[in-house]
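S.K.: Please find one structure pasted underneath; my questions will follow.
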Amino acid sequence: MSNNGDGSLKDQLLSRIPPWLETWWTETKSTLWFLPTCATVFAVLLSSLVIWLDYYWELTTAGINSPWLFGAGSDGARGVLSAIAGSLVTVIGTVFSITIVALQLASSQFTPRVLRQFTSDRINQTVLALFIGTFTYSLLVLRSVRASTDADPGFVPVIGVTVAILLALACMGLLILFIHHMAQQAQVSYILARAASEALGQIESSFRGEIAATPNLTRRDYAQGEGQDVLCASSGYLQQYDHEYLLGAARDHDLTIRLLAPMGAYLNAGQPVARVWTTSKETADFEDVSARIQRAMVTGQERTLEADAGLGVRQIADIAIKALSPGINDPTTATQALDRISEVLSRAGALKSPERILYVDDRPAVFLPRIGFDDLTGIAFTQIRHYGKSDVVVMLHLANTIERVSSLVDEKHYEVLIRHLQLVRAAGQQGLELGPERDALGHEVDEAIRRIGEYREGNRTPIVPDIVQEL
């Protein structure tokens with residue numbers, strides 16, 4: 001939904017889509033089966049069309065002189081179509097095998113949260129769709145080929161076979177692209193770049209460039225009584241909620257609604273997810289209110305990036321944590337992940353926090369639990385600091401990353417970043433075994449805190465020392 005009232009027609013139309021339908025569509029189009037299924041249906045329709053065209057124009061091998069069209073007889077048509085269909089079955093199996101290996105590698109080497117990158121990748125989906133569609137098309141055209149007899153002149157779908165050959169050539173081109181793309185997708189820099197892009201997209205959609213003026217509120221109690229809890233109807237992760245639906249419930253029943261569960265939280269059936277108060281002396285129909293609020297919340301089996309800004313940072317941090325595990329032991333990947341985290345946090349810190357209060361007729365009607373910059377820094381740095389405390393390179397890079405973020409965000413975020421720097425120093429004192437390494441980290445943290453103090457005076461040029469030379 002657009003953040004302002006002057007959104008485009010596309011934004012206005014998208015805002016009318018129910019959240020459950022939007023979530024379902026997002027999950028469906030990111031699967032490996034949706035596009036191949038569409039390609040199979042299209043192949044059925046295309047084969048029917050080209051066979052009808054062949055019948056309509058009465059094109060036979062005897063009447064074909066163009067070098068651009070298939071010119072062999074029924075045996076040649078069967079041979080070509082059989083070869084295309086048979087070879088594509090083998091290639092499809094190979095493509096699926098490569099995809100499964102890539103998924104296993106990403107899950108074990110990086111984090112299971114990046115598997116969606118592979119399943120939702122349009123090139124992977126398109127390759128599978130074209131291969132399966134071409135196989136289906138070739139089989140359906142093959143069944144229409146008839147050899148000539150005394151009683152039947154026979155039928156060779158010239159256009160159909162020609163289209164099958166063109167599709168086979170396209171499949172070979174996409175196979176080369178697929179192999180290159182999968183080799184690229186397995187690189188950690190590519191995975192981190194895409195994870196950062198997804199996180200930045202969520203930051204842009206949830207955080208704000210400017211804060212709208214607060215309505216002039218009259219002096220009155222908007223909430224009467226102790227309030228009543230609305231219970232969750234089903235278990236699962238909170239994926240999305242419908243602002244317009246919540247505002248409609250607050251407007252129709254004259255309510256104040258406070259949501260208790262943040263986006264991405266796991267909800268158990270029967271757990272309180274919202275509290276409502278009446279804003280008048282009249283008693284609202286609580287059953288109708290509960291049903292409307294429950295319908296406004298979408299739960300599912302996993303967290304999604306569409307409305308969960310914390311998940312975008314979480315998947316980058318998880319890559320760093322996985323790299324720091326004894327089984328992987330790849331601190332360089334952890335430092336690369338920190339660089340991408342700095343990109344996301346810098347953008348979040350330069351914007352205003354997400355909207356927390358929605359108004360109805362100039363009164364606060366819906367209170368939202370929204371993630372802010374402080375929460376994102378906790379997700380980004382806490383576990384990396386814990387698992388990387390014994391590696392001086394990672395800890396120094398973490399301190400430099402926090403300082404770099406400080407130079408790019410609003411001044412009000414300095415305190416939380418300084419607190420993380422102090423925690424970095426404390427973790428290093430506990431985890432680093434060598435005294436000179438502890439001293440180097442403590443000196444770097446002290447200098448970073450000093451330079452952040454200078455940022456308040458307008459000097460926002462962070463100093464990033466050469467770690468190797470400094471050690």
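Letters A, B, ... go to the chains of the structure tokens in the order shown; residues in each chain start at 1; ligands are counted from 1 in the same order.
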Within 10 Å of stretch 300-323 of chain A, which residues of stretch 118-230 of chain A show up? Give each one with its shortest atom-to-atom distance in Å (one decimal) and the two atoms involved, counting only C-alpha atoms, rows by chain then rising residue number, as a Markdown table.

M.R.:
| residue | atom | partner | partner_atom | distance |
| --- | --- | --- | --- | --- |
| A:Val188 | CA | A:Ile319 | CA | 8.9 |
| A:Ile191 | CA | A:Ile316 | CA | 9.1 |
| A:Leu192 | CA | A:Ile316 | CA | 6.7 |
| A:Ala193 | CA | A:Ile316 | CA | 9.5 |
| A:Arg194 | CA | A:Ile316 | CA | 9.8 |
| A:Ala195 | CA | A:Ile316 | CA | 6.4 |
| A:Ala196 | CA | A:Ile316 | CA | 7.2 |
| A:Ser197 | CA | A:Gly312 | CA | 8.9 |
| A:Glu198 | CA | A:Gly312 | CA | 6.5 |
| A:Ala199 | CA | A:Gly312 | CA | 4.2 |
| A:Leu200 | CA | A:Gly312 | CA | 7.8 |
| A:Gly201 | CA | A:Ala309 | CA | 8.9 |
| A:Gln202 | CA | A:Ala309 | CA | 5.5 |
| A:Ile203 | CA | A:Ala309 | CA | 6.2 |
| A:Glu204 | CA | A:Ala309 | CA | 9.6 |
| A:Ser205 | CA | A:Ala307 | CA | 8.4 |
| A:Ser206 | CA | A:Ala309 | CA | 7.5 |
| A:Phe207 | CA | A:Ala309 | CA | 9.2 |

S.K.: Would you mind exporting N, CA and C atoms of the selected residues as a PDB file, in the first residue's frame?

M.R.:
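See out36.pdb below for the written result:
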ATOM      1  N   VAL A 188      28.807 -16.728  -3.045  1.00  0.00           N
ATOM      2  CA  VAL A 188      28.284 -16.051  -1.861  1.00  0.00           C
ATOM      3  C   VAL A 188      28.043 -14.568  -2.126  1.00  0.00           C
ATOM      4  N   ILE A 191      24.609 -14.270  -3.673  1.00  0.00           N
ATOM      5  CA  ILE A 191      23.556 -14.532  -2.685  1.00  0.00           C
ATOM      6  C   ILE A 191      23.407 -13.350  -1.743  1.00  0.00           C
ATOM      7  N   LEU A 192      24.521 -12.800  -1.282  1.00  0.00           N
ATOM      8  CA  LEU A 192      24.463 -11.648  -0.378  1.00  0.00           C
ATOM      9  C   LEU A 192      23.894 -10.420  -1.072  1.00  0.00           C
ATOM     10  N   ALA A 193      24.276 -10.219  -2.329  1.00  0.00           N
ATOM     11  CA  ALA A 193      23.756  -9.057  -3.063  1.00  0.00           C
ATOM     12  C   ALA A 193      22.247  -9.146  -3.221  1.00  0.00           C
ATOM     13  N   ARG A 194      21.751 -10.331  -3.538  1.00  0.00           N
ATOM     14  CA  ARG A 194      20.300 -10.470  -3.710  1.00  0.00           C
ATOM     15  C   ARG A 194      19.574 -10.354  -2.372  1.00  0.00           C
ATOM     16  N   ALA A 195      20.164 -10.924  -1.309  1.00  0.00           N
ATOM     17  CA  ALA A 195      19.544 -10.803   0.015  1.00  0.00           C
ATOM     18  C   ALA A 195      19.499  -9.345   0.446  1.00  0.00           C
ATOM     19  N   ALA A 196      20.568  -8.601   0.176  1.00  0.00           N
ATOM     20  CA  ALA A 196      20.579  -7.177   0.523  1.00  0.00           C
ATOM     21  C   ALA A 196      19.555  -6.402  -0.297  1.00  0.00           C
ATOM     22  N   SER A 197      19.414  -6.766  -1.581  1.00  0.00           N
ATOM     23  CA  SER A 197      18.430  -6.089  -2.427  1.00  0.00           C
ATOM     24  C   SER A 197      17.008  -6.325  -1.908  1.00  0.00           C
ATOM     25  N   GLU A 198      16.721  -7.550  -1.486  1.00  0.00           N
ATOM     26  CA  GLU A 198      15.401  -7.843  -0.931  1.00  0.00           C
ATOM     27  C   GLU A 198      15.172  -7.080   0.366  1.00  0.00           C
ATOM     28  N   ALA A 199      16.189  -7.026   1.221  1.00  0.00           N
ATOM     29  CA  ALA A 199      16.050  -6.297   2.481  1.00  0.00           C
ATOM     30  C   ALA A 199      15.858  -4.802   2.229  1.00  0.00           C
ATOM     31  N   LEU A 200      16.600  -4.249   1.279  1.00  0.00           N
ATOM     32  CA  LEU A 200      16.447  -2.825   0.965  1.00  0.00           C
ATOM     33  C   LEU A 200      15.060  -2.532   0.408  1.00  0.00           C
ATOM     34  N   GLY A 201      14.530  -3.442  -0.398  1.00  0.00           N
ATOM     35  CA  GLY A 201      13.180  -3.242  -0.908  1.00  0.00           C
ATOM     36  C   GLY A 201      12.151  -3.180   0.202  1.00  0.00           C
ATOM     37  N   GLN A 202      12.310  -4.020   1.208  1.00  0.00           N
ATOM     38  CA  GLN A 202      11.384  -3.993   2.326  1.00  0.00           C
ATOM     39  C   GLN A 202      11.578  -2.735   3.176  1.00  0.00           C
ATOM     40  N   ILE A 203      12.823  -2.292   3.333  1.00  0.00           N
ATOM     41  CA  ILE A 203      13.084  -1.042   4.065  1.00  0.00           C
ATOM     42  C   ILE A 203      12.415   0.131   3.357  1.00  0.00           C
ATOM     43  N   GLU A 204      12.541   0.174   2.047  1.00  0.00           N
ATOM     44  CA  GLU A 204      11.953   1.284   1.286  1.00  0.00           C
ATOM     45  C   GLU A 204      10.432   1.297   1.397  1.00  0.00           C
ATOM     46  N   SER A 205       9.822   0.127   1.467  1.00  0.00           N
ATOM     47  CA  SER A 205       8.366   0.069   1.493  1.00  0.00           C
ATOM     48  C   SER A 205       7.784   0.287   2.888  1.00  0.00           C
ATOM     49  N   SER A 206       8.552   0.009   3.931  1.00  0.00           N
ATOM     50  CA  SER A 206       8.004   0.119   5.286  1.00  0.00           C
ATOM     51  C   SER A 206       8.469   1.378   6.009  1.00  0.00           C
ATOM     52  N   PHE A 207       9.734   1.776   5.829  1.00  0.00           N
ATOM     53  CA  PHE A 207      10.213   3.004   6.445  1.00  0.00           C
ATOM     54  C   PHE A 207       9.751   4.201   5.615  1.00  0.00           C
TER      55      PHE A 207
END

S.K.: Write out as an mmCIF file with N, CA and C atoms, in the first residue's frame each polymer residue whose atoms come within 9 Å of A:Phe42, counting only C-alpha atoms; drop sequence neighbours fewer than 4 positions from it.

M.R.:
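Final output, saved to out39.cif:
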data_model
loop_
_atom_site.group_PDB
_atom_site.id
_atom_site.type_symbol
_atom_site.label_atom_id
_atom_site.label_comp_id
_atom_site.auth_asym_id
_atom_site.auth_seq_id
_atom_site.Cartn_x
_atom_site.Cartn_y
_atom_site.Cartn_z
ATOM 1 N N THR A 37 3.789 -25.205 -14.834
ATOM 2 C CA THR A 37 2.383 -25.569 -15.036
ATOM 3 C C THR A 37 1.737 -24.664 -16.082
ATOM 4 N N CYS A 38 2.016 -23.366 -15.981
ATOM 5 C CA CYS A 38 1.486 -22.437 -16.988
ATOM 6 C C CYS A 38 2.034 -22.771 -18.372
ATOM 7 N N LEU A 46 -1.057 -24.225 -27.680
ATOM 8 C CA LEU A 46 -0.256 -23.948 -28.873
ATOM 9 C C LEU A 46 -0.278 -25.127 -29.836
ATOM 10 N N SER A 47 -0.159 -26.332 -29.316
ATOM 11 C CA SER A 47 -0.189 -27.507 -30.200
ATOM 12 C C SER A 47 -1.533 -27.619 -30.910
ATOM 13 N N GLY A 133 7.380 -27.414 -21.206
ATOM 14 C CA GLY A 133 6.415 -27.013 -22.224
ATOM 15 C C GLY A 133 6.753 -27.559 -23.596
ATOM 16 N N TYR A 137 4.521 -30.087 -25.770
ATOM 17 C CA TYR A 137 4.133 -29.686 -27.125
ATOM 18 C C TYR A 137 4.545 -30.739 -28.144
#

S.K.: Would you return as a ChimeraX atom specification the members of stretch 158-384 of chain A that DSSP assigns to strand (DSSP E or B) on this structure's backbone?

M.R.: /A:208,224-231,236-241,255-259,266-267,272-278,297-300,352,357-360,363-367

S.K.: Pick out the residues sitting within 12 Å of A:Val41, and hand them over as a ChimeraX atom specification; count only C-alpha atoms, and ignore anything fewer than 5 positions along from it in its own chain.

M.R.: /A:34-36,46-48,129-130,132-134,136-137,140

S.K.: Pick out the closest residue to A:Met182 from this set: A:Thr99, A:Ala147, A:Thr126, A:Gly160. Count only C-alpha atoms.

M.R.: A:Thr99

S.K.: Quick check for you: according to DSSP on this backbone, which residues of stretch 390-423 of chain A are classed as helix (DSSP H, G or I)? Reply as a ChimeraX atom specification.

M.R.: /A:392-406,411-423

S.K.: Suppose you want the space between atom CA of A:Ile84 and atom CA of A:Leu177; what is it in Å?

M.R.: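 These atoms are spaced 19.1 Å apart.
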
S.K.: Smallest atom-to-atom distance to A:Ile51: which of A:Ala106, A:Leu338, A:Leu396, A:Val158, using only C-alpha atoms?

M.R.: A:Val158

S.K.: Rank nothing, just name the residue among A:Leu398, A:Val50, A:Ile159, A:Ala296 nearest to A:Arg385, using only C-alpha atoms.

M.R.: A:Leu398

S.K.: In terms of the shortest atom-to-atom distance over only C-alpha atoms, which of A:Ile402, A:Val101, A:Gly428, A:Val89 is closest to A:Ala183?

M.R.: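 Residue with the minimum atom-to-atom distance to A:Ala183: A:Val101.
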
S.K.: My list of candidates is A:Leu423, A:Val163, A:Ala77, A:Ile176. Which is closest to A:Arg146 when distances are computed with only C-alpha atoms?

M.R.: A:Ala77
